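Student: The structure's right below; bear with me while I get my questions together.
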Number of protein chains: 2
Amino acid sequence: MNAMHADVRRFHAPAAWLPEGWARDVLFELDGAGSLVRVTPGAQPDGAERLDGPVIPGMPNVHSHAFQRAMTGLTEKGGPQGDSFWSWRQLMYRFLEGLTPDDVEIIATQLYCEMLCAGYTAVAEFHYLHHDPNGMPYANRAEIGERLIAAAERAGIALTLLPVFYAHGHFGGAPPNPGQRRFINDREGYARIVERLAQRLKDRPTLRLGAAPHSLRAVTPEELRATVECVESIDREAPIHIHAAEQQQEVDDCLVWSGKRPVAWLLDHAPLGSRWTVVHATHMDADETVRLARSGAVAGICATTEGDLGDGFFNAAPFLRAGGRLGIGGDSHVGVDPFLELRLFEYGQRLKLERRNVLAFAVRESLGARLYRTACAGGAQALGQKIGRLEAGYRADWIVLNTDDPALAEHEGDGLLDAAIFGPARAPVRDVMVAGRWCVRGGRHPLAQESLARYRTVMRRLLG
Amino acid sequence: MNAMHADVRRFHAPAAWLPEGWARDVLFELDGAGSLVRVTPGAQPDGAERLDGPVIPGMPNVHSHAFQRAMTGLTEKGGPQGDSFWSWRQLMYRFLEGLTPDDVEIIATQLYCEMLCAGYTAVAEFHYLHHDPNGMPYANRAEIGERLIAAAERAGIALTLLPVFYAHGHFGGAPPNPGQRRFINDREGYARIVERLAQRLKDRPTLRLGAAPHSLRAVTPEELRATVECVESIDREAPIHIHAAEQQQEVDDCLVWSGKRPVAWLLDHAPLGSRWTVVHATHMDADETVRLARSGAVAGICATTEGDLGDGFFNAAPFLRAGGRLGIGGDSHVGVDPFLELRLFEYGQRLKLERRNVLAFAVRESLGARLYRTACAGGAQALGQKIGRLEAGYRADWIVLNTDDPALAEHEGDGLLDAAIFGPARAPVRDVMVAGRWCVRGGRHPLAQESLARYRTVMRRLLG
C-alpha cells in the first residue's frame with residue numbers, strides 16, 4: 001500500500017540488541033503508529049536517520065505510585081520507637097492530605113520525564129488516590145486518573161493505568177482507617193471510574209487500561225472477584241495487579257485471617273496467570289515460590305523501595321529456576337533508574353547468599369543481559385503492551401545508550417548492559433524513543449525546565 | 001600580617017552545613033594554602049565570590065584500589081560452579097597482568113576526576129600493585145605509587161597513599177600464589193618504597209603517607225609490626241589501614257590459624273586506635289563489634305563493593321551505639337558516588353533487620369545528616385587529614401550542592417542530605433573545591449574530555 005509506505009520512517013543503529021542477540025548495522029523501519037514493521041541487521045544506512053549509539057529496548061516500569069515521588073527524602077527521621085513500613089505509611093497518608101489534582105498531574109509529569117531520561121519507556125500506574133481530601137468523590141470520579149493520563153501523554157511515556165479497588169483497612173473486611181479515605185470506593189463507585197477511564201484510554205496505541213485490587217488487606221475475596229470482572233467486562237485481556245507479601249507482618253496477619261500465606265491464598269483462590277502481576281511477593285516459602293513461577297504471573301520487584309522500606313529479599317534464584325517471570329518497579333520512586341533497580345535486586349541476592357552473580361544461570365549471556373532481558377519481557381507482559389523487544393510487530397520503544405559515559409566506554413554487546421547495571425555509570429542513556437517519537441535527546445527531556453519550575457511551586461507549598 | 005592578609009580569599013554561601021548545624025549567609029575566608037581561617041555565619045557577601053548553592057564538606061573516600069575501576073562491568077559472567085569473592089579475585093589477578101604504569105596513571109586520573117564530580121574530595125589509596133608483570137621491581141621501586149600521586153595531583157583530589165605490605169598467600173606465612181607476584185615485597189624492598197614515597201609526599205598540603213599491612217592472610221604478626229614500625233620511623237602519626245573480616249571464609253581460616261576471629265585477633269595483638277582503619281570488618285561477633293567501636297579505630301565500609309562481592313552486612317547499629325567511627329570507601333569502584341554508598345549501607349541494615357531508618361538514633365538530626373556527618377568525620381580520621389568540617393583550621397574541601405537536581409529542589413538543611421542520599425538524585429553535586437582550588441564547576445571536571453580519551457585507549461587494549 002503506497003499510503004502506508006509513505007509513512008514508513010527509517011533509523012539505522014551501529015549496533016542493536018535484538019531478540020537473537022547483538023547485531024551490527026541494524027535498520028529499523030517504523031509505521032505511522034510507531035510500530036516496527038521490519039528490523040534488518042547488517043544493512044546499509046541508505047538515507048535512514050543515524051542513531052548515535054547502541055540500541056536496546058526501553059524498560060517498562062511495572063509499579064508506580066506517582067505522587068510518592070514528591071515524598072522522597074522526607075521520611076528519613078527516625079522516631080524514638082524506631083521506624084518501619086507501617087510508620088512510613090502513616091507519613092504517606094499525612095502527606096497526601098494536601099494534594100490537589102493539579103499537584104498530582106505536576107508531580108507525575110515531572111516523574112515521567114525523569115523516568116524517560118533514565119530509560120523507562122512505559123509505566124504501570126497503580127492508582128489508588130481517587131477522592132478529594134475529605135474522601136468525597138470529585139465531580140469527575142476519574143479526575144485524578146485522567147490527570148495521570150495527561151501527565152503520561154505530555155511526557156511521552158506509555159502507560160498502563162490500573163485503577164485500584166480499595167475498600168477495607170485490614171484482612172477480613174475491617175473498616176478503613178481515616179488516612180485511607182481518599183482511596184475508598186464501593187463497587188459501584190469503582191465501576192464508574194473504570195468505565196470513564198476506559199473511554200479515555202480507548203484506541204490509544206501507548207495507553208492501556210488494567211485493574212488493581214489493592215491487596216488482601218484492602219479487598220475481600222468477593223471484591224477481588226468483582227474487581228477482575230469489572231475490568232473484564234471492558235477488556236477480557238486486561239492486566240490485573242495486586243500487592244502481596246511485602247512485609248512479614250502482612251504474612252502473619254494473613255495466616256491469622258485465612259490460615260494461608262498471601263501468595264498461597266492467591267494461588268488457591270484467584271485465577272493467577274499471565275495477565276497477573278503480584279507486586280513484591282517478597283515473603284514466599286519454597287512452595288509458593290515454585291507455584292507462583294509456574295502460574296505464569298509476573299512478580300513485580302521493586303528493589304529500591306523494598307530496600308528503603310526494609311521489606312526483605314525476594315526468593316529470586318528458585319523463582320527464576322522454576323521459570324518465573326519478573327518485572328521491575330519504581331514504586332515509591334526513591335530511585336528512578338532501571339539500571340539501579342536491577343543492580344540492587346542482584347546485590348540483595350548476593351548479600352543474602354554471600355555469593356556473586358546469583359542470577360546468572362545462562363551460559364550464553366552475561367548477568368546484566370539476563371537481568372535486563374528478563375525484566376523487559378516480564379515488564380511487557382505485566383503492562384499488556386507490545387513492547388520490550390526490537391522485532392517486527394513490537395512498538396518502537398527504545399533507548400540509545402550513551403557510550404560517552406566513562407563507565408560504558410569501549411564496552412560492547414552484553415558488556416554494555418553489565419557496565420550500565422554493575423559499573424559506576426552516571427548517565428548511561430543518551431536518547432529515548434516511545435512509539436516512534438523522540439522523548440529524550442542527549443539525555444534531556446524537552447519539557448524538563450518547564451516541568452521542574454511547576455514542580456518547585458508544588459514542593460514549596462508541600463514543604464512550607 | 002599584611003602578607004598573609006593579601007592572600008586571603010573570600011567566598012559567600014547562601015547556606016552551609018557547619019559543625020553546629022545549618023547556617024545562612026556564610027562567609028568563608030581561606031589562606032593561601034587553601035585552609036579556612038575564618039567561617040562567619042550571617043555575613044554580608046561584601047565582594048566575596050558567590051557560591052551557587054548550599055555548601056557541605058567534601059567526602060573522604062577511605063578505601064580505593066584505583067586500577068580496579070577499569071574492571072567494572074567485566075566480572076558479571078557466572079560460571080557453572082557459581083561465583084564468589086574468590087573467583088572474582090582470580091579474575092582481578094588475570095586482569096592486572098597486562099597493566100603498565102602508564103595504564104595505572106590513566107585509569108587513576110579518570111577515576112579521581114569521576115570521584116571529584118561525585119563529591120569525593122580526598123581518597124585513601126590502598127596501593128598493592130608494586131611490580132612489573134613478571135613480579136620484578138621497577139627501576140624506581142615506587143614507580144606505580146608515584147603514578148598514583150601524579151594522577152591525584154592532576155585531578156586535584158587529596159590523597160593519603162598507603163603502600164601495602166603483602167608477603168604471603170594465606171594465614172601463617174604460606175607462600176604467595178603466582179597471581180600475587182606484582183604485590184609481593186620483602187621487608188627491605190617495602191622499606192625502600194616507603195622511603196621514596198615519603199620523600200615525594202613531604203610537605204604537600206593535600207598529600208599524606210600512611211601504610212597498609214594488607215590483611216592477616218598476607219602478613220605474619222611479625223611483619224604486621226614491622227610494617228607499622230617502618231612508616232612510624234618516618235611519621236609517628238601515620239594512618240594504618242588493614243583489610244579484615246570481609247568474607248566468612250576468612251573468618252573460618254583465621255580461626256583455624258589462630259583460634260580467633262580476624263578483628264578479635266587484631267584487637268588482641270595490634271595497637272588498634274584512632275590512627276587505624278579496619279577495612280570492611282563485615283563479619284564481627286557482638287564482642288568484636290563493641291571492642292572495635294571502643295578502640296577508636298575507623299571501620300572502612302565499602303557498601304557497594306560489599307554488595308557486589310556478596311560479603312555480608314556490617315554490624316552497624318551496635319557499632320554506632322558503642323561510639324564506633326566509620327568512613328566509606330569505593331574499593332573496587334563499582335560505584336563512584338558517596339551518596340549511593342551511604343544509601344546502600346543503610347539499605348543493607350534495613351533489609352537485614354526488616355525495619356526503616358536503622359541508623360537514625362539522634363533526635364537532633366535526620367538520618368541523611370547523621371550518615372554524612374559520621375562518614376565525613378570517620379573519613380577525615382582515616383586519612384589523617386584536616387578535612388571533613390567547615391571550620392577554621394580545616395582545609396577548604398567542599399561541595400556546592402546542585403539544587404537544580406529535581407530530587408533536591410526546594411529541600412533545605414538536613415533535608416538536602418536526606419534527598420541526596422535517599423531520593424532519586426542524578427547529579428546532586430554542582431561545584432567541588434579542594435584546598436581552595438576549584439576542581440569541578442557545573443558538574444564538570446576540566447580534564448574530563450582529555451582523560452576519557454586516554455582512558456579509552458587503555459580500555460580498547462585491555463578489552464581487545
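Here, A, B, ... name the chains of the C-alpha cells in the order displayed, residue numbers run from 1 inside each chain, and ligands are numbered from 1 in the same displayed order.
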So which residues of region 58-123 of chain B fall under helix (DSSP H, G or I) by DSSP, listed as JSON, numbers by chain?

Tutor: {"B": [66, 67, 68, 69, 70, 71, 85, 86, 87, 88, 89, 90, 91, 92, 93, 94, 95, 96, 97, 98, 101, 102, 103, 104, 105, 106, 107, 108, 109, 110, 111, 112, 113, 114, 115, 116, 117, 118]}

Student: Please write the residues from the selection above to a file, keeping C-alpha atoms, as a JSON list (two decimals), in the first residue's frame.

Tutor:
[["chain", "number", "residue", "atom", "x", "y", "z"],
["B", 66, "ALA", "CA", 42.29, 2.67, 41.65],
["B", 67, "PHE", "CA", 43.18, 0.18, 38.89],
["B", 68, "GLN", "CA", 40.05, -1.86, 39.63],
["B", 69, "ARG", "CA", 37.96, 0.98, 38.15],
["B", 70, "ALA", "CA", 38.84, -0.43, 34.72],
["B", 71, "MET", "CA", 37.45, -3.86, 35.66],
["B", 85, "PHE", "CA", 34.64, -13.18, 46.09],
["B", 86, "TRP", "CA", 37.35, -15.77, 45.47],
["B", 87, "SER", "CA", 36.60, -16.36, 41.79],
["B", 88, "TRP", "CA", 36.31, -12.57, 41.37],
["B", 89, "ARG", "CA", 39.79, -12.27, 42.86],
["B", 90, "GLN", "CA", 41.16, -14.69, 40.26],
["B", 91, "LEU", "CA", 39.68, -12.50, 37.50],
["B", 92, "MET", "CA", 41.27, -9.46, 39.12],
["B", 93, "TYR", "CA", 44.69, -11.16, 39.17],
["B", 94, "ARG", "CA", 44.39, -12.02, 35.48],
["B", 95, "PHE", "CA", 43.22, -8.51, 34.62],
["B", 96, "LEU", "CA", 46.21, -6.78, 36.11],
["B", 97, "GLU", "CA", 48.75, -8.95, 34.31],
["B", 98, "GLY", "CA", 48.72, -6.55, 31.37],
["B", 101, "PRO", "CA", 52.43, 2.13, 34.93],
["B", 102, "ASP", "CA", 51.02, 4.40, 32.22],
["B", 103, "ASP", "CA", 47.77, 2.44, 32.32],
["B", 104, "VAL", "CA", 47.52, 2.80, 36.08],
["B", 105, "GLU", "CA", 48.11, 6.54, 35.91],
["B", 106, "ILE", "CA", 45.50, 6.97, 33.18],
["B", 107, "ILE", "CA", 42.90, 4.84, 34.96],
["B", 108, "ALA", "CA", 43.55, 6.57, 38.29],
["B", 109, "THR", "CA", 43.30, 10.03, 36.72],
["B", 110, "GLN", "CA", 39.96, 9.08, 35.17],
["B", 111, "LEU", "CA", 38.72, 7.63, 38.45],
["B", 112, "TYR", "CA", 39.83, 10.62, 40.52],
["B", 113, "CYS", "CA", 38.06, 13.01, 38.13],
["B", 114, "GLU", "CA", 34.92, 10.90, 38.50],
["B", 115, "MET", "CA", 35.30, 10.89, 42.28],
["B", 116, "LEU", "CA", 35.54, 14.67, 42.37],
["B", 117, "CYS", "CA", 32.47, 15.07, 40.17],
["B", 118, "ALA", "CA", 30.58, 12.74, 42.53]]

Student: What are the nearest atom pairs, with distances in Å to one decimal, for all residues of region 30-119 of chain A that come at most 9 Å from region 385-399 of chain A, using only C-alpha atoms, set out by chain and rising residue number as a tab-separated table?

Tutor:
residue	atom	partner	partner_atom	distance
A:Leu30	CA	A:Ala396	CA	7.2
A:Ala33	CA	A:Arg395	CA	8.5
A:Gly34	CA	A:Ala396	CA	5.7
A:Ser35	CA	A:Arg395	CA	4.0
A:Leu36	CA	A:Ala392	CA	4.8
A:Val37	CA	A:Ala392	CA	4.8
A:Arg38	CA	A:Ala392	CA	5.0
A:Val39	CA	A:Glu391	CA	6.1
A:Pro54	CA	A:Ile399	CA	8.3
A:Val55	CA	A:Ile399	CA	5.6
A:Ile56	CA	A:Ile399	CA	5.4
A:Pro57	CA	A:Trp398	CA	4.3
A:Gly58	CA	A:Trp398	CA	4.4
A:Met59	CA	A:Gly388	CA	6.9
A:Pro60	CA	A:Gly388	CA	7.5
A:Gly119	CA	A:Ile399	CA	6.3

Student: Would you save the residues of that selection, restricted to N, CA, C and O atoms, as a PDB file, in the first residue's frame?

Tutor:
ATOM      1  N   LEU A  30       9.676   1.768  10.728  1.00  0.00           N
ATOM      2  CA  LEU A  30       8.530   2.000  11.605  1.00  0.00           C
ATOM      3  C   LEU A  30       7.330   2.456  10.789  1.00  0.00           C
ATOM      4  O   LEU A  30       7.484   3.250   9.856  1.00  0.00           O
ATOM      5  N   ALA A  33       2.184   4.521  13.185  1.00  0.00           N
ATOM      6  CA  ALA A  33       1.760   4.414  14.582  1.00  0.00           C
ATOM      7  C   ALA A  33       2.944   4.186  15.517  1.00  0.00           C
ATOM      8  O   ALA A  33       2.757   4.067  16.724  1.00  0.00           O
ATOM      9  N   GLY A  34       4.152   4.106  14.953  1.00  0.00           N
ATOM     10  CA  GLY A  34       5.328   3.936  15.801  1.00  0.00           C
ATOM     11  C   GLY A  34       5.636   2.491  16.125  1.00  0.00           C
ATOM     12  O   GLY A  34       6.326   2.206  17.104  1.00  0.00           O
ATOM     13  N   SER A  35       5.132   1.561  15.294  1.00  0.00           N
ATOM     14  CA  SER A  35       5.498   0.155  15.499  1.00  0.00           C
ATOM     15  C   SER A  35       6.549  -0.262  14.475  1.00  0.00           C
ATOM     16  O   SER A  35       6.637   0.313  13.381  1.00  0.00           O
ATOM     17  N   LEU A  36       7.326  -1.276  14.865  1.00  0.00           N
ATOM     18  CA  LEU A  36       8.367  -1.780  13.975  1.00  0.00           C
ATOM     19  C   LEU A  36       7.719  -2.654  12.908  1.00  0.00           C
ATOM     20  O   LEU A  36       6.978  -3.598  13.230  1.00  0.00           O
ATOM     21  N   VAL A  37       7.974  -2.349  11.646  1.00  0.00           N
ATOM     22  CA  VAL A  37       7.473  -3.218  10.591  1.00  0.00           C
ATOM     23  C   VAL A  37       8.582  -4.128  10.053  1.00  0.00           C
ATOM     24  O   VAL A  37       8.314  -5.186   9.503  1.00  0.00           O
ATOM     25  N   ARG A  38       9.827  -3.691  10.216  1.00  0.00           N
ATOM     26  CA  ARG A  38      10.931  -4.543   9.786  1.00  0.00           C
ATOM     27  C   ARG A  38      12.199  -4.163  10.541  1.00  0.00           C
ATOM     28  O   ARG A  38      12.447  -2.978  10.782  1.00  0.00           O
ATOM     29  N   VAL A  39      12.987  -5.171  10.890  1.00  0.00           N
ATOM     30  CA  VAL A  39      14.275  -4.956  11.565  1.00  0.00           C
ATOM     31  C   VAL A  39      15.306  -5.768  10.798  1.00  0.00           C
ATOM     32  O   VAL A  39      15.197  -6.991  10.726  1.00  0.00           O
ATOM     33  N   PRO A  54      24.563   2.317  20.561  1.00  0.00           N
ATOM     34  CA  PRO A  54      23.899   1.008  20.575  1.00  0.00           C
ATOM     35  C   PRO A  54      22.473   1.141  21.111  1.00  0.00           C
ATOM     36  O   PRO A  54      22.220   1.891  22.047  1.00  0.00           O
ATOM     37  N   VAL A  55      21.564   0.368  20.511  1.00  0.00           N
ATOM     38  CA  VAL A  55      20.138   0.484  20.829  1.00  0.00           C
ATOM     39  C   VAL A  55      19.663  -0.753  21.581  1.00  0.00           C
ATOM     40  O   VAL A  55      19.975  -1.881  21.190  1.00  0.00           O
ATOM     41  N   ILE A  56      18.939  -0.510  22.669  1.00  0.00           N
ATOM     42  CA  ILE A  56      18.322  -1.606  23.423  1.00  0.00           C
ATOM     43  C   ILE A  56      16.846  -1.253  23.641  1.00  0.00           C
ATOM     44  O   ILE A  56      16.467  -0.084  23.539  1.00  0.00           O
ATOM     45  N   PRO A  57      16.013  -2.249  23.966  1.00  0.00           N
ATOM     46  CA  PRO A  57      14.606  -1.920  24.236  1.00  0.00           C
ATOM     47  C   PRO A  57      14.495  -1.031  25.471  1.00  0.00           C
ATOM     48  O   PRO A  57      15.286  -1.152  26.412  1.00  0.00           O
ATOM     49  N   GLY A  58      13.501  -0.149  25.479  1.00  0.00           N
ATOM     50  CA  GLY A  58      13.206   0.618  26.686  1.00  0.00           C
ATOM     51  C   GLY A  58      12.658  -0.297  27.762  1.00  0.00           C
ATOM     52  O   GLY A  58      12.116  -1.372  27.470  1.00  0.00           O
ATOM     53  N   MET A  59      12.829   0.133  29.022  1.00  0.00           N
ATOM     54  CA  MET A  59      12.400  -0.723  30.139  1.00  0.00           C
ATOM     55  C   MET A  59      11.003  -0.327  30.610  1.00  0.00           C
ATOM     56  O   MET A  59      10.750   0.848  30.838  1.00  0.00           O
ATOM     57  N   PRO A  60      10.085  -1.299  30.761  1.00  0.00           N
ATOM     58  CA  PRO A  60       8.798  -0.997  31.408  1.00  0.00           C
ATOM     59  C   PRO A  60       8.979  -0.932  32.931  1.00  0.00           C
ATOM     60  O   PRO A  60       9.739  -1.715  33.508  1.00  0.00           O
ATOM     61  N   GLY A 119      15.549   5.870  31.194  1.00  0.00           N
ATOM     62  CA  GLY A 119      15.450   4.676  30.354  1.00  0.00           C
ATOM     63  C   GLY A 119      14.164   3.882  30.486  1.00  0.00           C
ATOM     64  O   GLY A 119      14.018   2.843  29.846  1.00  0.00           O
TER      65      GLY A 119
END

Student: Per DSSP on the backbone, filter region 32-131 of chain B down to the residues in strand (DSSP E or B) and report them as a ChimeraX atom specification.

Tutor: /B:35-40,49-50,55-57,59-64,83,120-127

Student: Selection from above, N, CA and C atoms, as a PDB file, in the first residue's frame, can you write it?

Tutor:
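Wrote it out as again_27.pdb, contents follow:
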ATOM      1  N   SER B  35      43.398  26.654  53.383  1.00  0.00           N
ATOM      2  CA  SER B  35      42.741  26.297  54.644  1.00  0.00           C
ATOM      3  C   SER B  35      41.814  27.421  55.074  1.00  0.00           C
ATOM      4  N   LEU B  36      40.812  27.042  55.848  1.00  0.00           N
ATOM      5  CA  LEU B  36      39.853  28.027  56.350  1.00  0.00           C
ATOM      6  C   LEU B  36      40.482  28.775  57.515  1.00  0.00           C
ATOM      7  N   VAL B  37      40.496  30.099  57.425  1.00  0.00           N
ATOM      8  CA  VAL B  37      40.998  30.881  58.568  1.00  0.00           C
ATOM      9  C   VAL B  37      39.835  31.462  59.376  1.00  0.00           C
ATOM     10  N   ARG B  38      38.676  31.613  58.720  1.00  0.00           N
ATOM     11  CA  ARG B  38      37.522  32.106  59.451  1.00  0.00           C
ATOM     12  C   ARG B  38      36.248  31.684  58.719  1.00  0.00           C
ATOM     13  N   VAL B  39      35.217  31.332  59.484  1.00  0.00           N
ATOM     14  CA  VAL B  39      33.907  30.976  58.936  1.00  0.00           C
ATOM     15  C   VAL B  39      32.869  31.783  59.714  1.00  0.00           C
ATOM     16  N   THR B  40      32.129  32.642  59.011  1.00  0.00           N
ATOM     17  CA  THR B  40      31.227  33.576  59.688  1.00  0.00           C
ATOM     18  C   THR B  40      29.803  33.442  59.154  1.00  0.00           C
ATOM     19  N   GLU B  49      33.398  35.983  46.523  1.00  0.00           N
ATOM     20  CA  GLU B  49      32.885  35.171  45.422  1.00  0.00           C
ATOM     21  C   GLU B  49      31.634  34.432  45.886  1.00  0.00           C
ATOM     22  N   ARG B  50      30.562  34.523  45.096  1.00  0.00           N
ATOM     23  CA  ARG B  50      29.297  33.903  45.499  1.00  0.00           C
ATOM     24  C   ARG B  50      29.285  32.424  45.146  1.00  0.00           C
ATOM     25  N   VAL B  55      26.443  24.644  50.816  1.00  0.00           N
ATOM     26  CA  VAL B  55      27.796  24.080  50.864  1.00  0.00           C
ATOM     27  C   VAL B  55      27.897  23.056  51.988  1.00  0.00           C
ATOM     28  N   ILE B  56      28.475  21.908  51.660  1.00  0.00           N
ATOM     29  CA  ILE B  56      28.725  20.868  52.665  1.00  0.00           C
ATOM     30  C   ILE B  56      30.176  20.414  52.514  1.00  0.00           C
ATOM     31  N   PRO B  57      30.740  19.791  53.538  1.00  0.00           N
ATOM     32  CA  PRO B  57      32.117  19.293  53.404  1.00  0.00           C
ATOM     33  C   PRO B  57      32.201  18.228  52.319  1.00  0.00           C
ATOM     34  N   MET B  59      33.462  14.679  50.766  1.00  0.00           N
ATOM     35  CA  MET B  59      33.518  13.372  51.434  1.00  0.00           C
ATOM     36  C   MET B  59      34.871  12.704  51.186  1.00  0.00           C
ATOM     37  N   PRO B  60      35.538  12.216  52.229  1.00  0.00           N
ATOM     38  CA  PRO B  60      36.743  11.391  52.023  1.00  0.00           C
ATOM     39  C   PRO B  60      36.342   9.960  51.622  1.00  0.00           C
ATOM     40  N   ASN B  61      37.098   9.407  50.716  1.00  0.00           N
ATOM     41  CA  ASN B  61      36.897   8.018  50.275  1.00  0.00           C
ATOM     42  C   ASN B  61      37.994   7.203  50.946  1.00  0.00           C
ATOM     43  N   VAL B  62      37.639   6.346  51.894  1.00  0.00           N
ATOM     44  CA  VAL B  62      38.660   5.742  52.759  1.00  0.00           C
ATOM     45  C   VAL B  62      39.326   4.498  52.177  1.00  0.00           C
ATOM     46  N   HIS B  63      38.854   4.025  51.010  1.00  0.00           N
ATOM     47  CA  HIS B  63      39.433   2.768  50.529  1.00  0.00           C
ATOM     48  C   HIS B  63      39.299   2.676  49.016  1.00  0.00           C
ATOM     49  N   SER B  64      40.431   2.724  48.344  1.00  0.00           N
ATOM     50  CA  SER B  64      40.435   2.675  46.884  1.00  0.00           C
ATOM     51  C   SER B  64      41.548   1.782  46.379  1.00  0.00           C
ATOM     52  N   ASP B  83      29.837 -18.311  41.513  1.00  0.00           N
ATOM     53  CA  ASP B  83      30.821 -17.248  41.544  1.00  0.00           C
ATOM     54  C   ASP B  83      30.876 -16.707  42.969  1.00  0.00           C
ATOM     55  N   TYR B 120      33.503  13.235  46.161  1.00  0.00           N
ATOM     56  CA  TYR B 120      34.659  12.834  46.982  1.00  0.00           C
ATOM     57  C   TYR B 120      35.765  13.865  46.779  1.00  0.00           C
ATOM     58  N   THR B 121      36.336  14.357  47.873  1.00  0.00           N
ATOM     59  CA  THR B 121      37.405  15.357  47.748  1.00  0.00           C
ATOM     60  C   THR B 121      38.762  14.821  48.200  1.00  0.00           C
ATOM     61  N   ALA B 122      38.785  13.621  48.734  1.00  0.00           N
ATOM     62  CA  ALA B 122      40.042  13.017  49.191  1.00  0.00           C
ATOM     63  C   ALA B 122      39.898  11.510  49.112  1.00  0.00           C
ATOM     64  N   VAL B 123      41.033  10.839  48.940  1.00  0.00           N
ATOM     65  CA  VAL B 123      40.967   9.376  48.799  1.00  0.00           C
ATOM     66  C   VAL B 123      42.176   8.722  49.471  1.00  0.00           C
ATOM     67  N   ALA B 124      41.920   7.608  50.141  1.00  0.00           N
ATOM     68  CA  ALA B 124      42.987   6.772  50.690  1.00  0.00           C
ATOM     69  C   ALA B 124      43.228   5.638  49.695  1.00  0.00           C
ATOM     70  N   GLU B 125      44.400   5.633  49.125  1.00  0.00           N
ATOM     71  CA  GLU B 125      44.719   4.647  48.093  1.00  0.00           C
ATOM     72  C   GLU B 125      45.483   3.484  48.730  1.00  0.00           C
ATOM     73  N   PHE B 126      44.843   2.334  48.755  1.00  0.00           N
ATOM     74  CA  PHE B 126      45.378   1.110  49.358  1.00  0.00           C
ATOM     75  C   PHE B 126      46.140   0.409  48.233  1.00  0.00           C
ATOM     76  N   HIS B 127      47.438   0.737  48.173  1.00  0.00           N
ATOM     77  CA  HIS B 127      48.199   0.539  46.946  1.00  0.00           C
ATOM     78  C   HIS B 127      49.112  -0.684  47.031  1.00  0.00           C
TER      79      HIS B 127
END

Student: Restricting the calculation to only C-alpha atoms, which member of A:Ala360, A:Leu201, A:Ala409, A:Ile193 is positioned closest to Met459 (chain B)?

Tutor: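 Closest to Met459 (chain B), using only C-alpha atoms: A:Ala409.
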
Student: List the spatial neighbours of Gly330 (chain A) as a ChimeraX atom specification - criterion: any atom at most 9 Å away, only C-alpha atoms, same-chain residues fewer than 3 positions off excluded.

Tutor: /A:61-65,301-305,333-338,341

Student: Rounded to one decimal, what separation in Å do you get between CA of Leu452 (chain B) and CA of Asp405 (chain B)?

Tutor: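 Taking CA of Leu452 (chain B) as the start and CA of Asp405 (chain B) as the end point, the length is 24.4 Å.
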
Student: Up to 7 Å from chain A, what residues of chain B turn up? Count only C-alpha atoms and give them as a PyMOL selection string.

Tutor: chain B and resi 72-74+76-78+83-85+307-312+333-336+347+350-351+354-357+360-361+366-368+406+409-410+415+418-419+422-424+452+456+459-460

Student: Which distance in Å separates CA of Leu292 (chain A) and CA of Leu159 (chain A), to one decimal?

Tutor: 25.3 Å
